[in-house]
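The next block holds one structure in the form of structure tokens; read it before the comments.
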Amino acid sequence: MDILPILSTLRRHKLTAWLLILEIALTCAIVCNAVFLIGQRLERMDMPSGVAEHELLQIQVADMVAPANPYARVAEDMAVLRQVPGVISVASSNQVPFGSSSSNSNIRLDPAQVRWTLSATTYFGENLPKTLGTRLVSGRDLESSDFVDVDVAMKALGTGDAKHLPSVILITQTLAERLWPGQNPLGHIIYLAPTVGLRVVGVLDSLVRPNAYDISKAQYTTIVPLRMGANKDQSYLIRCRPEDRAHVLDAALAALKKVDPQRVVTTRRSFDEVRRKFFQDDRAMAGMLVGVIAALLIVTALGIVGLASFWVAQRRRTIGVRRALGATRRNILNYFQTENFLLATIGIALGMALAYAINLFLMLHYELPRLPAIYFPVGAIALWLIGQLAVLGPALRAAAVPPVVATRSV
Amino acid sequence: MFAYYLDLALRSLKRNKALTALMVLAIALGIGASMTTLTVLHVLSGDPLPGKSAQLYYPQIDPQDLKGMMPGKEPPEQLTLVDGLNLLHAARADRQALMAGGSAPIDPGKADMDPFYVETRYTTTGFFPMFDAPFLFGHAWTAADDEAKARDVVIARSLNDKLFGGADSVGRTLRMAGVDWRIVGVLDQWRPNPHFYDLTTGSYAYAEQVFLPLQTMVELRLDRNGSSDCWGNGGGGVGNILPNDDCVWLQFWVQLDTPAKAAAYRDFLVHYSQEQKALGRFQRAPNVRLRNVMQWLDYKMVVPDDVRLQAGLAFGFLLVCLVNTVGLMLAKFMRRAAELGVRRALGASRRALFAQLLIESGVVGLVGGLGGLLLAMLGLWLVRQRPSDYAALAQLDTSMLFTTFALAVCATLLAGLLPAWRACQIAPALQLKSN
């Protein structure tokens with residue numbers, strides 16, 4: 001295909017040509033970044049939790065009047081829940097994976113350390129690893145002799161009395177590798193406060209934190225043997241078979257109500273709902289981005305159709321002359337297709353540079369990583385395709401112009 | 001002349017319906033998308049207490065130990081109970097209030113209503129006049145009630161409607177958290193957005209139903225919501241255990257009517273920090289901040305990143321739509337070169353042609369703006385269907401309505417400028433000759 005005649009024609013329509021190039025460049029830049037953002041959101045929504053998500057239920061109840069012995073109340077509730085048909089395992093916890101509300105500690109490896117090493121989340125509660133379904137890769141699970149009542153521990157923390165504090169801790173593989181790279185973490189001490197040193201006795205395969213906003217720190221998780229009393233922040237986690245969830249949830253609530261008819265159920269949900277709620281904003285954002293990409297491509301395509309139609313109408317006579325001089329329909333068709341391809345290519349090249357600039361801006365303001373090179377061809381191919389599709393209609397109309405037009409005066 | 005140009009514009013737009021529809025659609029889509037996101041941004045970054053917010057300040061001091069100290073680092077974002085009460089009792093501001101958020105179970109004492117949980121605010125008497133909270137019935141509790149740890153509550157209108165059918169419930173009893181409370185006041189509809197005075201319980205669409213004296217809450221150990229930050233041997237408090245003195249968990253607001261008073265209050269905070277250091281309670285050099293409401297919201301970056309990103313994205317989209325319109329408009333005007341040439345030859349000035357073409361693009365902008373407005377309403381409706389906590393706030397107000405229109409017409413006129421100018425450059429003779 002001869003490109004030079006096309007270029008010389010475009011030179012006579014500089015302004016319109018540049019507007020089309022600008023539109024393609026802007027669309028390309030926005031589409032590249034939007035597709036990248038969608039990828040980021042999807043990756044986040046795919047974050048592994050390390051727990052048996054389809055087998056878990058969460059229940060929170062609150063008492064009208066705080067029970068005289070909140071620990072006895074939890075023990076009673078858990079015993080009652082274990083009796084519910086279909087229940088495999090029951091745990092009490094201060095927080096749940098992807099639950100947002102979290103308890104966190106600044107971890108030090110040496111009590112004299114000035115800056116803490118990192119902030120990790122602390123799960124408290126009994127029977128957690130087994131109920132959550134997170135696998136122990138080395139060491140042992142927490143035993144009942146490890147556990148301390150949480151208010152005893154809080155008091156001991158104030159007075160610095162080490163006897164009434166827990167002495168062991170479970171951590172995730174990721175956290176172990178971050179704290180002691182390449183070493184066996186078992187036996188190492190983690191300090192949650194200068195007077196609270198906990199020995200690592202077990203390493204968990206994976207357990208996500210409730211506040212997993214940053215994917216790189218999502219697995220900085222510990223389980224501390226603190227016993228929770230009944231209070232509004234405490235949750236019961238129930239494991240059952242996926243198909244039993246609905247009726248186990250109802251039966252569990254009925255059983256808890258039987259213990260104290262006055263109590264208020266504040267949370268009752270499956271873990272699928274916990275995950276859905278945690279990522280709802282990401283899902284909405286991804287949906288909106290898809291909408292914007294679609295709208296952008298449609299507007300750009302319609303713009304190309306409009307301009308191409310205008311050009312075809314304007315050049316009707318020239319086309320007739322070319323046809324009369326022996327050009328085939330295919331020649332005319334190719335001419336408009338090549339013209340569009342040229343404009344799209346220039347637009348895409350500019351768009352790539354612009355996409356890179358937008359990405360730099362986003363990195364500066366929104367803590368986004370660098371745009372991987374793979375996204376550039378995605379934008380390019382999308383716009384080449386859209387351009388060719390959009391120009392096809394007007395180009396076919398141009399090809400249909402009969403040679404006899406050349407002999408007419410208008 | 002205007003009417004004539006308008007007539008010409010309408011004729012010309014009618015002549016090429018598909019192209020006109022395309023331009024109107026592009027403008028409408030661009031305006032619709034950007035107005036939707038701009039309205040959300042506008043609502044979320046609004047002033048929660050217009051006219052008052054500049055006089056309300058959020059004092060911060062630094063009671064932490066020396067570990068982890070870095071020069072220039074911000075002090076904690078809340079106060080310890082000791083410091084909060086000290087600053088409250090010092091009463092150096094025109095008004096002040098110490099507060100924390102929580103929740104409590106209410107026993108309606110009716111057979112047909114189950115017990116339920118409400119959000120609570122534990123605060124001091126200065127809260128109501130300082131934040132202009134309007135009373136429907138009764139009044140706030142007094143400073144003496146604060147110190148006496150009175151069992152007094154102020155309830156929100158919605159709770160009053162639910163429990164007492166909207167009647168004046170002042171003097172009646174509320175059974176909450178196992179304690180009998182005397183209702184002293186009922187607040188009228190009041191929901192500042194963002195929830196500026198305590199962002200730890202969520203920035204938007206959070207409304208307390210019951211207000212009660214903070215010191216009563218400390219005595220009764222009622223349930224607490226929100227965050228606490230601790231250092232040293234601080235324990236964050238679990239269940240009914242309150243955070244200890246090495247933890248910050250309270251918000252403190254002061255009203256300072258003049259800049260001079262604000263400057264004096266800042267000096268007071270420095271002085272207080274020095275005094276506490278001399279007493280051995282504080283270890284760090286004085287590190288204080290005193291931000292007003294808008295500065296505080298700005299510092300806390302309450303507007304979600306996603307919302308700003310969406311606004312940016314929508315404006316990028318509007319830009320593409322405008323470039324698209326410029327291109328189409330240019331094509332349309334240039335196609336009429338012959339007609340314009342005839343008008344020029346017959347004596348129309350360049351200025352007259354320019355005005356005529358601008359009116360044509362203005363009409364496209366107006367219709368596009370109307371379409372954009374409808375699309376923005378649809379967009380906002382879609383936003384309201386989302387589960388985000390700010391979703392319900394996404395409403396178009398009059399100022400945004402006006403902005404939408406102005407933006408649409410300005411944008412299209414701007415888009416019309418270049419094509420109109422270009423079309424006026426046509427040499428009439430050339431056009432006449434070619435025919």
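Naming scheme: A, B, ... for chains in displayed order of the structure tokens; residues 1 onward per chain; ligands 1 onward as shown.
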Give me, as a tab-separated table, each residue of chain A that comes within 8 Å of chain B, together with its shortest interatomic pair and the distance in Å at one decimal, counting only C-alpha atoms, with rows ordered by chain and rising residue number.
residue	atom	partner	partner_atom	distance
A:Thr16	CA	B:Gly327	CA	5.9
A:Leu19	CA	B:Gly327	CA	5.8
A:Leu20	CA	B:Gly327	CA	6.9
A:Leu22	CA	B:Val323	CA	7.4
A:Glu23	CA	B:Val320	CA	5.7
A:Leu26	CA	B:Val320	CA	6.4
A:Thr27	CA	B:Val320	CA	6.8
A:Ile30	CA	B:Gly316	CA	7.3
A:Ala62	CA	B:Pro105	CA	7.8
A:Asp63	CA	B:Pro105	CA	7.5
A:Met64	CA	B:Pro105	CA	5.6
A:Val65	CA	B:Gly178	CA	5.0
A:Ala66	CA	B:Ala177	CA	8.0
A:Val114	CA	B:Lys67	CA	5.0
A:Arg115	CA	B:Gly68	CA	4.7
A:Trp116	CA	B:Gly68	CA	7.3
A:Val150	CA	B:Val238	CA	7.6
A:Asp151	CA	B:Ile241	CA	7.0
A:Met154	CA	B:Gly235	CA	6.0
A:Leu157	CA	B:Asn233	CA	5.8
A:Gly158	CA	B:Asn233	CA	5.8
A:Gly160	CA	B:Asn233	CA	7.5
A:Ala193	CA	B:Asn233	CA	6.0
A:Pro194	CA	B:Gly232	CA	6.7
A:Thr195	CA	B:Asn233	CA	7.4
A:Gly229	CA	B:Gly239	CA	7.6
A:Ala230	CA	B:Gly239	CA	7.7
A:Asn231	CA	B:Gly239	CA	5.3
A:Lys232	CA	B:Gly239	CA	7.0
A:Asp233	CA	B:Gly239	CA	6.8
A:Gln262	CA	B:Pro115	CA	7.3
A:Arg263	CA	B:Pro115	CA	7.7
A:Val264	CA	B:Phe116	CA	6.4
A:Thr266	CA	B:Tyr117	CA	7.9
A:Gln280	CA	B:Pro387	CA	7.1
A:Asp281	CA	B:Ser388	CA	6.8
A:Ala284	CA	B:Arg386	CA	7.4
A:Met285	CA	B:Asp306	CA	7.3
A:Val292	CA	B:Phe317	CA	7.6
A:Leu296	CA	B:Phe317	CA	6.6
A:Val299	CA	B:Ala26	CA	6.4
A:Thr300	CA	B:Asn324	CA	7.1
A:Leu302	CA	B:Leu22	CA	7.3
A:Gly303	CA	B:Asn324	CA	5.6
A:Gly306	CA	B:Leu328	CA	6.5
A:Leu307	CA	B:Leu328	CA	6.3
A:Phe310	CA	B:Ala331	CA	6.3
A:Gln314	CA	B:Arg335	CA	7.3
A:Tyr366	CA	B:Asp305	CA	7.0
A:Val410	CA	B:Asn435	CA	7.3
Next on the checklist: Can you pull out the residues contacting region 120-127 of chain B? Cut-off 10 Å, using only C-alpha atoms, and skip same-chain residues under 3 positions away; I want them as a PyMOL selection string.
Outcome noted: chain B and resi 88+94-105+117+130-133+139-147+153-155+197-198+207-218+222-225+250-255
How would the residues just picked look written out with C-alpha atoms as a compact mmCIF listing (two decimals), in the first residue's frame?
# COMPACT_ATOMS: atom_id res chain seq x y z
CA LEU B 88 -11.29 19.98 79.96
CA ASP B 94 -14.57 29.51 74.82
CA ARG B 95 -16.11 26.05 74.80
CA GLN B 96 -14.68 22.53 75.01
CA ALA B 97 -15.82 18.94 75.00
CA LEU B 98 -14.09 15.61 75.59
CA MET B 99 -15.62 12.58 73.94
CA ALA B 100 -15.49 8.97 72.82
CA GLY B 101 -17.82 6.74 70.81
CA GLY B 102 -19.47 3.51 71.81
CA SER B 103 -22.58 1.45 71.64
CA ALA B 104 -25.11 0.20 74.16
CA PRO B 105 -28.12 -2.13 74.26
CA TYR B 117 -28.16 -1.78 70.01
CA MET B 130 -20.14 24.01 70.51
CA PHE B 131 -21.37 21.89 67.59
CA ASP B 132 -24.71 23.76 67.29
CA ALA B 133 -26.66 20.57 67.95
CA HIS B 139 -31.65 20.74 76.98
CA ALA B 140 -28.18 19.35 77.62
CA TRP B 141 -27.01 18.11 81.01
CA THR B 142 -24.92 20.58 83.04
CA ALA B 143 -21.22 20.71 83.92
CA ALA B 144 -22.22 19.74 87.47
CA ASP B 145 -23.96 16.64 86.06
CA ASP B 146 -20.70 15.78 84.30
CA GLU B 147 -18.75 15.86 87.55
CA VAL B 153 -29.00 11.13 78.51
CA VAL B 154 -29.81 13.20 75.46
CA ILE B 155 -31.39 11.09 72.72
CA TYR B 197 -15.48 15.08 65.57
CA ASP B 198 -14.63 11.38 65.64
CA ALA B 207 -25.04 8.94 63.71
CA GLU B 208 -25.24 8.46 67.45
CA GLN B 209 -28.64 7.86 68.98
CA VAL B 210 -27.76 8.44 72.62
CA PHE B 211 -25.45 11.02 74.22
CA LEU B 212 -24.40 10.66 77.85
CA PRO B 213 -21.78 12.09 80.22
CA LEU B 214 -18.30 10.69 79.58
CA GLN B 215 -17.41 10.38 83.25
CA THR B 216 -20.53 8.31 83.84
CA MET B 217 -19.37 6.00 81.06
CA VAL B 218 -15.93 5.69 82.68
CA LEU B 222 -19.85 1.01 78.99
CA ASP B 223 -18.87 -0.49 75.63
CA ARG B 224 -16.50 1.58 73.56
CA ASN B 225 -16.03 1.79 69.79
CA LEU B 250 -10.49 10.24 73.41
CA GLN B 251 -11.25 13.14 71.13
CA PHE B 252 -11.11 16.68 72.46
CA TRP B 253 -12.54 19.71 70.64
CA VAL B 254 -12.35 23.38 71.59
CA GLN B 255 -14.08 26.48 70.28
Item to check | Selected residue, from A:Ala153, A:Ile88, A:Ala324, A:Leu364, that lies nearest to Thr131 (chain A) when counting only C-alpha atoms | outcome: A:Ile88
Item to check | Distance in Å - CA of Leu15 (chain A) versus CA of Leu10 (chain B) | outcome: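 CA of Leu15 (chain A) sits 25.6 Å away from CA of Leu10 (chain B).
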Set the distance at 12 Å and use only C-alpha atoms: which residues neighbour Glu53 (chain A) once local chain neighbours fewer than 5 positions away are removed? I'd like the list as a PDB file with N, CA and C atoms, in the first residue's frame.
ATOM      1  N   PRO A  48      -5.680 -14.536  49.158  1.00  0.00           N
ATOM      2  CA  PRO A  48      -6.021 -15.747  49.902  1.00  0.00           C
ATOM      3  C   PRO A  48      -6.167 -15.450  51.399  1.00  0.00           C
ATOM      4  N   GLN A  58     -19.931 -16.733  61.183  1.00  0.00           N
ATOM      5  CA  GLN A  58     -19.577 -15.829  62.282  1.00  0.00           C
ATOM      6  C   GLN A  58     -20.852 -15.361  62.974  1.00  0.00           C
ATOM      7  N   VAL A  96     -12.074 -11.430  63.023  1.00  0.00           N
ATOM      8  CA  VAL A  96     -12.150 -12.447  61.976  1.00  0.00           C
ATOM      9  C   VAL A  96     -11.367 -11.992  60.747  1.00  0.00           C
ATOM     10  N   PRO A  97     -10.844 -12.960  59.967  1.00  0.00           N
ATOM     11  CA  PRO A  97     -10.128 -12.600  58.745  1.00  0.00           C
ATOM     12  C   PRO A  97     -11.024 -11.739  57.848  1.00  0.00           C
ATOM     13  N   PHE A  98     -10.502 -10.653  57.294  1.00  0.00           N
ATOM     14  CA  PHE A  98     -11.237  -9.714  56.432  1.00  0.00           C
ATOM     15  C   PHE A  98     -12.391  -9.023  57.163  1.00  0.00           C
ATOM     16  N   THR A 131     -10.574 -24.465  64.013  1.00  0.00           N
ATOM     17  CA  THR A 131     -11.860 -24.056  63.465  1.00  0.00           C
ATOM     18  C   THR A 131     -11.697 -23.317  62.137  1.00  0.00           C
ATOM     19  N   LEU A 132     -10.696 -22.441  62.074  1.00  0.00           N
ATOM     20  CA  LEU A 132     -10.506 -21.679  60.839  1.00  0.00           C
ATOM     21  C   LEU A 132     -10.032 -22.566  59.694  1.00  0.00           C
ATOM     22  N   GLY A 133      -9.391 -23.691  60.072  1.00  0.00           N
ATOM     23  CA  GLY A 133      -8.900 -24.590  59.032  1.00  0.00           C
ATOM     24  C   GLY A 133      -7.562 -24.156  58.487  1.00  0.00           C
ATOM     25  N   THR A 134      -6.802 -23.406  59.283  1.00  0.00           N
ATOM     26  CA  THR A 134      -5.468 -23.020  58.836  1.00  0.00           C
ATOM     27  C   THR A 134      -4.479 -24.078  59.328  1.00  0.00           C
ATOM     28  N   LEU A 207      -2.729 -17.158  57.285  1.00  0.00           N
ATOM     29  CA  LEU A 207      -3.913 -16.610  57.956  1.00  0.00           C
ATOM     30  C   LEU A 207      -3.907 -15.108  57.719  1.00  0.00           C
ATOM     31  N   VAL A 208      -4.922 -14.624  57.024  1.00  0.00           N
ATOM     32  CA  VAL A 208      -4.932 -13.217  56.649  1.00  0.00           C
ATOM     33  C   VAL A 208      -5.398 -12.369  57.830  1.00  0.00           C
ATOM     34  N   LEU A 237     -16.940 -18.367  66.005  1.00  0.00           N
ATOM     35  CA  LEU A 237     -16.742 -18.867  64.651  1.00  0.00           C
ATOM     36  C   LEU A 237     -17.128 -20.336  64.654  1.00  0.00           C
ATOM     37  N   ILE A 238     -17.945 -20.702  63.681  1.00  0.00           N
ATOM     38  CA  ILE A 238     -18.437 -22.078  63.625  1.00  0.00           C
ATOM     39  C   ILE A 238     -18.037 -22.680  62.291  1.00  0.00           C
ATOM     40  N   ARG A 239     -17.497 -23.904  62.354  1.00  0.00           N
ATOM     41  CA  ARG A 239     -17.138 -24.611  61.132  1.00  0.00           C
ATOM     42  C   ARG A 239     -18.152 -25.711  60.894  1.00  0.00           C
ATOM     43  N   CYS A 240     -18.665 -25.797  59.698  1.00  0.00           N
ATOM     44  CA  CYS A 240     -19.576 -26.882  59.357  1.00  0.00           C
ATOM     45  C   CYS A 240     -19.425 -27.163  57.871  1.00  0.00           C
ATOM     46  N   ARG A 241     -20.137 -28.164  57.353  1.00  0.00           N
ATOM     47  CA  ARG A 241     -20.023 -28.449  55.932  1.00  0.00           C
ATOM     48  C   ARG A 241     -20.710 -27.334  55.143  1.00  0.00           C
ATOM     49  N   PRO A 242     -20.205 -27.006  53.942  1.00  0.00           N
ATOM     50  CA  PRO A 242     -20.762 -25.872  53.195  1.00  0.00           C
ATOM     51  C   PRO A 242     -22.281 -25.955  53.028  1.00  0.00           C
ATOM     52  N   ARG A 245     -24.564 -24.806  56.068  1.00  0.00           N
ATOM     53  CA  ARG A 245     -24.405 -23.488  56.686  1.00  0.00           C
ATOM     54  C   ARG A 245     -25.713 -22.836  57.109  1.00  0.00           C
ATOM     55  N   ARG A 269     -23.442 -14.128  59.917  1.00  0.00           N
ATOM     56  CA  ARG A 269     -23.135 -14.200  58.494  1.00  0.00           C
ATOM     57  C   ARG A 269     -22.188 -15.349  58.181  1.00  0.00           C
ATOM     58  N   SER A 270     -22.177 -15.735  56.920  1.00  0.00           N
ATOM     59  CA  SER A 270     -21.230 -16.742  56.480  1.00  0.00           C
ATOM     60  C   SER A 270     -19.946 -16.018  56.111  1.00  0.00           C
ATOM     61  N   PHE A 271     -18.877 -16.790  56.011  1.00  0.00           N
ATOM     62  CA  PHE A 271     -17.609 -16.139  55.684  1.00  0.00           C
ATOM     63  C   PHE A 271     -17.602 -15.586  54.263  1.00  0.00           C
ATOM     64  N   ASP A 272     -18.391 -16.182  53.370  1.00  0.00           N
ATOM     65  CA  ASP A 272     -18.502 -15.646  52.011  1.00  0.00           C
ATOM     66  C   ASP A 272     -18.969 -14.193  52.056  1.00  0.00           C
ATOM     67  N   GLU A 273     -19.919 -13.911  52.984  1.00  0.00           N
ATOM     68  CA  GLU A 273     -20.415 -12.538  53.110  1.00  0.00           C
ATOM     69  C   GLU A 273     -19.341 -11.615  53.672  1.00  0.00           C
ATOM     70  N   VAL A 274     -18.527 -12.142  54.600  1.00  0.00           N
ATOM     71  CA  VAL A 274     -17.445 -11.337  55.169  1.00  0.00           C
ATOM     72  C   VAL A 274     -16.520 -10.886  54.047  1.00  0.00           C
ATOM     73  N   ARG A 275     -16.138 -11.830  53.193  1.00  0.00           N
ATOM     74  CA  ARG A 275     -15.236 -11.500  52.087  1.00  0.00           C
ATOM     75  C   ARG A 275     -15.892 -10.520  51.116  1.00  0.00           C
ATOM     76  N   ARG A 276     -17.164 -10.767  50.795  1.00  0.00           N
ATOM     77  CA  ARG A 276     -17.864  -9.904  49.847  1.00  0.00           C
ATOM     78  C   ARG A 276     -17.903  -8.475  50.367  1.00  0.00           C
TER      79      ARG A 276
END
